Amino acid sequence: MAIIGKRLVNQVKTTGLKATVAQRADETFQRLTTGLSWDDVRGILRGDPPPKPNPRVKPHTEGFWFHIRPTFYHEATTTLYPTFRLGLLSALFFAIEIITGIYLMIFYTPSPERAYSSMIDIITNVPFGMFVRDLHRLGAEVMVVVVTLHMLRTFITGSYKKPRQFTWFTGVVLLIMTLGLSFSGYLLPWDQLAFWAVTIGTSMADAAPGVGPTVNLLLRGAPDIGAGGLLRFYLLHVVLLPFIGIVFLAVHYYKVVRWGISLPPEMEAVGEDSARKVSPDKRVNFLPDIATNEIMYIAIAMAILAISCATWYRAPLETHSNPLVTPNHTVAPWYFYWLQGLLKIPHIIPFLPADIANGIDKFFANVIGITPKVLWGIIVGPLVFVVLAVVPYVDPNPSRRYGQRKIMLTIGGLFTALILYLSLAGIPTGVPITGFGFVGGAPSAEIGQEFMPDEGDGNLMRIPFDQMVVGDYQVTADANVANAPELNAIIKELYYDMQRRMNTADPNGRKLSADTVAQVKIAEIQPDLKQITLVINYTDDQTSAAQEFSKFKFIHRDSEH
Amino acid sequence: MSIIKKIVTFKPGFNLRVIVGLISVVGFLSACAIVGLGDLSKALGAQDAKYTARSIEAGAKVYFEQCARCHGADGKGIDSQGPALNSIAFLGKTDAGREVQKSQRILDIGWVGNLDSYIRAVTTSGIPLKSSNQWEVIHPAFGQAVGGNLRDDQITDVSRFILNWAQNPATSGTIDSPKPGAAFVPKPTSAPLTPEQEAGKAVFLKNGCNACHAIKGVAQGNIGPNLSAIGTDAAAIITAADYKASQGKATTVEEFINESITAPGVYIAAKCPTGACPANVMPPNFKTTIPDADIKSLVAYLVSLK
């Protein structure tokens, strides 16, 4: 106290109180901004041109956070094109996931007895719980989209070529981490959607030749998914994958800064990388221009995310997981639809005449021990990532210009189209027109699944509670229940759906018989609880016997289907 | 192309960045504020009501799969199988969430907790002792911890479903448990079965008739008609108009029961536990699969059920 006091007192004596306060305040300010004095900051905010020597680069040598950012960008990389800011957005969404994830971690329990009820607790009992959970879920899905678009952009602009091959490689590793994080998080709500999607995914690992069963056991901790599997997926999701992700993100970002952001291809000579050689008149300094640009993009992204979660977006929570009941039309998460589509490829070599294809399948099964599912799902599936990773190492073309890369761009376009096609095939409705990947049973069961799905909501469940008037109703085109316009509309919709299935066969060739009649029955079970039953009487198209299909659901007034 | 080029090469100036950024931050904070204010006032409550409602729906599913066969589809109990749950004596009455009348049952038995904990305790662990001979069966233990097939959350769901009746519990037509310590009236013991009737009872159980038919104290099927008093019921059926109109040819009780076993499609009984009796469910080939002597003793047993 005495030491500080003496110097301070001397300074006040020599220069006066006001000057001392000003000097001390400025010194503190410079420490907080890692090198910018108060006047420098005022100059930035006023929009002054930078003085010479430029004090705005000092934080880049003195501060940690600024030292990992570049001091300046080439002017041509600061517009929307060529990067579309996708790398920044990818990192931003990773940060959003970490922050919202930590908040959710406080309230979530990774044990089969408590996981589902902790989810309901978060949604119903934790302040901002549902909001943060929706942010986390929507953020994860948007992150997968953004990361994929970032990869697509880098491919299209040829930015993976020399000297940035290793950056691309670490990027593919980050893609795998992103998909792994999304998949491991998918299981945690422990509802039917989560449980069965992950059971399908890990069963695929089980089917891999050789190491498959061991990998499956490592992931699940037991032959079936239970307490061991949930805890392991949780630890993957919050410890191992984020750790590996952060390490590879650090490497990836270091490489990005070290080589600089690649210029638009048309601006460089072929084979040359001039991203770091920027003449002073083409430089855009990080402070203030790039920094404010980034803050603006971050603000826009967060606003869109938050407004979406506050309005239309709701993360789903289906019924409690049940190992004994597989819901109809169980699917993988949407970013793995392409894998599910791969699994549906029927032959080792498709598009051949049936008997030749079957012969080849038998040969492969008996002699080599590989079925089409193993080949396409378990061998080709992971191979996709290997192919992506080696792209820069096998590409011989030194040019980044679009006109000189026609072959590579065509291959990339075909690859993307194939992934999209396989993704459509992965959905139970299959690819439109060709019908590849269609999975469906009897048309009556499909109607039941469409209007009253095993999990999730269908139109028969969405009728407002008061319009579910108790009674039995024939399904006809002119349903006319008093005071129930929605009920009438849905009954008519059912009727036209039935007509459509009578006239057009589904991709498996099945049609609803022309003599089909259906009824919707509504009964009151308890105060505020009704039972809605769909009964379809039809003639089976395969056995020609009269059959009755019946499915019911209980609907409560407050359940918001 | 030049419009697209203009868009993708657009570089916002400093002021524009600040304005757009500020508007976005305001939008973000507004979204958080809307959520926060909503949470404070009613949103959390609405979500709570939604998930409680879904719990009741799931509980309904469990109830109709596991409980309705003894407690009845309407919850009013089934004679000798299970007491009424949808009864003002069991549930008391609630009005808009407030308890208006307490459950008499838990007061009678001296249960220390509330009705919800009682329902969950019984569902999880069963009732191991028969406290009166009103119920022919003991309450099974459904909790997974004691070997049953219901998870804890399913037991919570079914408890919520049962308690949902308390808004408007039934006041008549319910089969309620007797008060503990009520004067014990021994039921008249039925006459012991003759050896042939005993053999017939063994045939009944051996051939799986108990899967669909109920007989008090012997079987609990609830698909086909209840046979606990078929000896007297059959006498009424063969004189009824709908039997005479059918293809049935029986004139005595023995003939009717024999015909019902060997040619079940000839006459479909009117009333079954779950509604109308389904046709084409009873196997039509018992005449060939069960030896004639067995059918004879089975008929003798069924005739004795009065």
# chains A, B, ... in the order shown; residues from 1 in each chain; ligands from 1
$ residues_around --residues "B:Ile290" --least-positions-apart "2" --cutoff "12 Å" --atoms "only C-alpha atoms" --output "count of residues only"
22
$ residues_around --residues "stretch 96-103 of chain A" --least-positions-apart "5" --cutoff "12 Å" --atoms "only C-alpha atoms" --output "number ranges by chain"
A: 89-91, 108, 122, 126-144, 178, 181-182, 185, 188, 234, 237-239, 241-243, 245-246, 298, 301-302, 305-306
$ write_last_selection --atoms "N, CA and C atoms" --output "tab-separated table (two decimals), in the first residue's frame"
chain	number	residue	atom	x	y	z
A	89	LEU	N	-19.29	-19.86	-39.54
A	89	LEU	CA	-20.55	-20.38	-39.03
A	89	LEU	C	-20.37	-21.76	-38.43
A	90	SER	N	-19.54	-22.59	-39.05
A	90	SER	CA	-19.31	-23.92	-38.48
A	90	SER	C	-18.75	-23.80	-37.08
A	91	ALA	N	-17.72	-22.95	-36.93
A	91	ALA	CA	-17.13	-22.79	-35.60
A	91	ALA	C	-18.14	-22.18	-34.63
A	108	TYR	N	-29.52	-33.07	-16.91
A	108	TYR	CA	-29.78	-34.36	-17.55
A	108	TYR	C	-29.07	-35.47	-16.79
A	122	ILE	N	-36.54	-31.03	-17.84
A	122	ILE	CA	-35.94	-29.89	-18.52
A	122	ILE	C	-37.01	-29.09	-19.25
A	126	VAL	N	-37.56	-26.45	-15.92
A	126	VAL	CA	-36.31	-25.70	-15.84
A	126	VAL	C	-36.49	-24.38	-16.58
A	127	PRO	N	-36.14	-23.24	-15.98
A	127	PRO	CA	-36.30	-21.98	-16.70
A	127	PRO	C	-35.47	-21.99	-17.97
A	128	PHE	N	-36.07	-21.60	-19.09
A	128	PHE	CA	-35.43	-21.62	-20.40
A	128	PHE	C	-35.03	-23.04	-20.82
A	129	GLY	N	-35.50	-24.07	-20.08
A	129	GLY	CA	-35.07	-25.43	-20.39
A	129	GLY	C	-35.46	-25.85	-21.79
A	130	MET	N	-36.76	-25.69	-22.12
A	130	MET	CA	-37.21	-26.10	-23.45
A	130	MET	C	-36.52	-25.27	-24.52
A	131	PHE	N	-36.31	-23.98	-24.26
A	131	PHE	CA	-35.68	-23.08	-25.22
A	131	PHE	C	-34.25	-23.52	-25.49
A	132	VAL	N	-33.49	-23.80	-24.45
A	132	VAL	CA	-32.09	-24.19	-24.62
A	132	VAL	C	-32.01	-25.56	-25.29
A	133	ARG	N	-32.94	-26.45	-24.93
A	133	ARG	CA	-32.93	-27.76	-25.56
A	133	ARG	C	-33.23	-27.64	-27.05
A	134	ASP	N	-34.22	-26.79	-27.41
A	134	ASP	CA	-34.53	-26.58	-28.82
A	134	ASP	C	-33.35	-25.95	-29.55
A	135	LEU	N	-32.68	-24.97	-28.90
A	135	LEU	CA	-31.49	-24.35	-29.50
A	135	LEU	C	-30.44	-25.42	-29.78
A	136	HIS	N	-30.26	-26.30	-28.81
A	136	HIS	CA	-29.22	-27.33	-28.93
A	136	HIS	C	-29.54	-28.26	-30.09
A	137	ARG	N	-30.81	-28.68	-30.17
A	137	ARG	CA	-31.19	-29.64	-31.21
A	137	ARG	C	-31.16	-29.00	-32.59
A	138	LEU	N	-31.78	-27.80	-32.70
A	138	LEU	CA	-31.79	-27.12	-34.00
A	138	LEU	C	-30.38	-26.73	-34.40
A	139	GLY	N	-29.59	-26.26	-33.42
A	139	GLY	CA	-28.21	-25.91	-33.70
A	139	GLY	C	-27.42	-27.10	-34.23
A	140	ALA	N	-27.67	-28.29	-33.67
A	140	ALA	CA	-26.94	-29.47	-34.13
A	140	ALA	C	-27.30	-29.78	-35.58
A	141	GLU	N	-28.59	-29.71	-35.90
A	141	GLU	CA	-28.99	-30.04	-37.26
A	141	GLU	C	-28.47	-29.00	-38.25
A	142	VAL	N	-28.56	-27.71	-37.88
A	142	VAL	CA	-28.03	-26.67	-38.75
A	142	VAL	C	-26.52	-26.82	-38.89
A	143	MET	N	-25.85	-27.25	-37.82
A	143	MET	CA	-24.39	-27.41	-37.89
A	143	MET	C	-24.01	-28.46	-38.92
A	144	VAL	N	-24.75	-29.57	-38.96
A	144	VAL	CA	-24.45	-30.59	-39.95
A	144	VAL	C	-24.62	-30.02	-41.36
A	178	THR	N	-18.42	-34.22	-36.29
A	178	THR	CA	-19.74	-33.59	-36.24
A	178	THR	C	-20.84	-34.63	-36.33
A	181	LEU	N	-20.90	-36.63	-33.13
A	181	LEU	CA	-21.51	-35.88	-32.02
A	181	LEU	C	-23.02	-35.86	-32.18
A	182	SER	N	-23.48	-35.63	-33.40
A	182	SER	CA	-24.92	-35.57	-33.62
A	182	SER	C	-25.56	-36.92	-33.33
A	185	GLY	N	-25.50	-37.77	-29.54
A	185	GLY	CA	-26.49	-36.98	-28.81
A	185	GLY	C	-27.91	-37.42	-29.09
A	188	LEU	N	-29.58	-39.66	-26.43
A	188	LEU	CA	-29.71	-39.25	-25.03
A	188	LEU	C	-31.14	-39.03	-24.53
A	234	TYR	N	-23.18	-41.13	-23.87
A	234	TYR	CA	-23.13	-39.84	-23.20
A	234	TYR	C	-21.69	-39.37	-23.06
A	237	HIS	N	-20.38	-38.26	-26.23
A	237	HIS	CA	-20.98	-37.01	-26.66
A	237	HIS	C	-20.42	-35.82	-25.91
A	238	VAL	N	-20.12	-35.95	-24.62
A	238	VAL	CA	-19.71	-34.77	-23.86
A	238	VAL	C	-18.22	-34.73	-23.57
A	239	VAL	N	-17.50	-35.87	-23.71
A	239	VAL	CA	-16.07	-35.85	-23.39
A	239	VAL	C	-15.22	-36.13	-24.62
A	241	LEU	N	-15.64	-37.04	-28.01
A	241	LEU	CA	-15.77	-36.41	-29.33
A	241	LEU	C	-15.56	-34.90	-29.28
A	242	PRO	N	-16.06	-34.18	-28.25
A	242	PRO	CA	-15.72	-32.75	-28.21
A	242	PRO	C	-14.23	-32.52	-28.06
A	243	PHE	N	-13.55	-33.37	-27.27
A	243	PHE	CA	-12.12	-33.21	-27.08
A	243	PHE	C	-11.37	-33.39	-28.40
A	245	GLY	N	-12.67	-33.18	-31.29
A	245	GLY	CA	-13.11	-32.11	-32.17
A	245	GLY	C	-12.35	-30.83	-31.93
A	246	ILE	N	-12.14	-30.48	-30.66
A	246	ILE	CA	-11.43	-29.23	-30.37
A	246	ILE	C	-9.98	-29.33	-30.81
A	298	ILE	N	-22.44	-13.35	-36.70
A	298	ILE	CA	-22.78	-14.13	-35.50
A	298	ILE	C	-24.13	-13.68	-34.95
A	301	ALA	N	-26.95	-14.96	-37.19
A	301	ALA	CA	-27.17	-16.41	-37.02
A	301	ALA	C	-27.87	-16.70	-35.71
A	302	MET	N	-27.42	-16.05	-34.62
A	302	MET	CA	-28.04	-16.30	-33.32
A	302	MET	C	-29.47	-15.82	-33.28
A	305	LEU	N	-31.60	-18.34	-35.13
A	305	LEU	CA	-31.73	-19.55	-34.31
A	305	LEU	C	-32.70	-19.33	-33.16
A	306	ALA	N	-32.52	-18.21	-32.44
A	306	ALA	CA	-33.34	-17.98	-31.25
A	306	ALA	C	-34.79	-17.72	-31.62
$ atom_distance --atom1 "atom CA of B:Ala121" --atom2 "atom CA of B:Thr174"
22.4 Å
$ closest_atom_pairs --of "stretch 33-120 of chain A" --to "stretch 4-19 of chain B" --cutoff "7 Å" --atoms "only C-alpha atoms" --output "tab-separated table"
residue	atom	partner	partner_atom	distance
A:Thr79	CA	B:Thr9	CA	4.9
A:Leu80	CA	B:Val8	CA	4.8
A:Tyr81	CA	B:Val8	CA	5.0
$ closest_residue --among "B:Ala191, B:Cys70, B:Leu150, B:Leu115" --to "chain A" --atoms "only C-alpha atoms"
B:Leu150
$ closest_residue --among "B:Thr274, B:Gln167, B:Gln66, B:Ser80" --to "chain A" --atoms "only C-alpha atoms"
B:Gln167
$ closest_residue --among "A:Leu86, A:Ala291, A:Val147, A:Ala299" --to "chain B" --atoms "only C-alpha atoms"
A:Ala299
$ interface_residues --of "chain A" --to "chain B" --cutoff "9 Å" --atoms "only C-alpha atoms" --output "MDAnalysis selection string"
chainID A and resid 47 76 78:82 84 113 117 120:121 123:128 130:131 288:289 292:293 295:311 319:320 525:529 553:560
$ atom_distance --atom1 "atom CA of A:Thr326" --atom2 "atom CA of A:Gln192"
8.0 Å
$ residues_around --residues "stretch 249-252 of chain A" --least-positions-apart "5" --cutoff "12 Å" --atoms "only C-alpha atoms" --output "PyMOL selection string"
chain A and resi 68-69+87-88+90-92+94-95+164-175+177-178+241-244+257-260
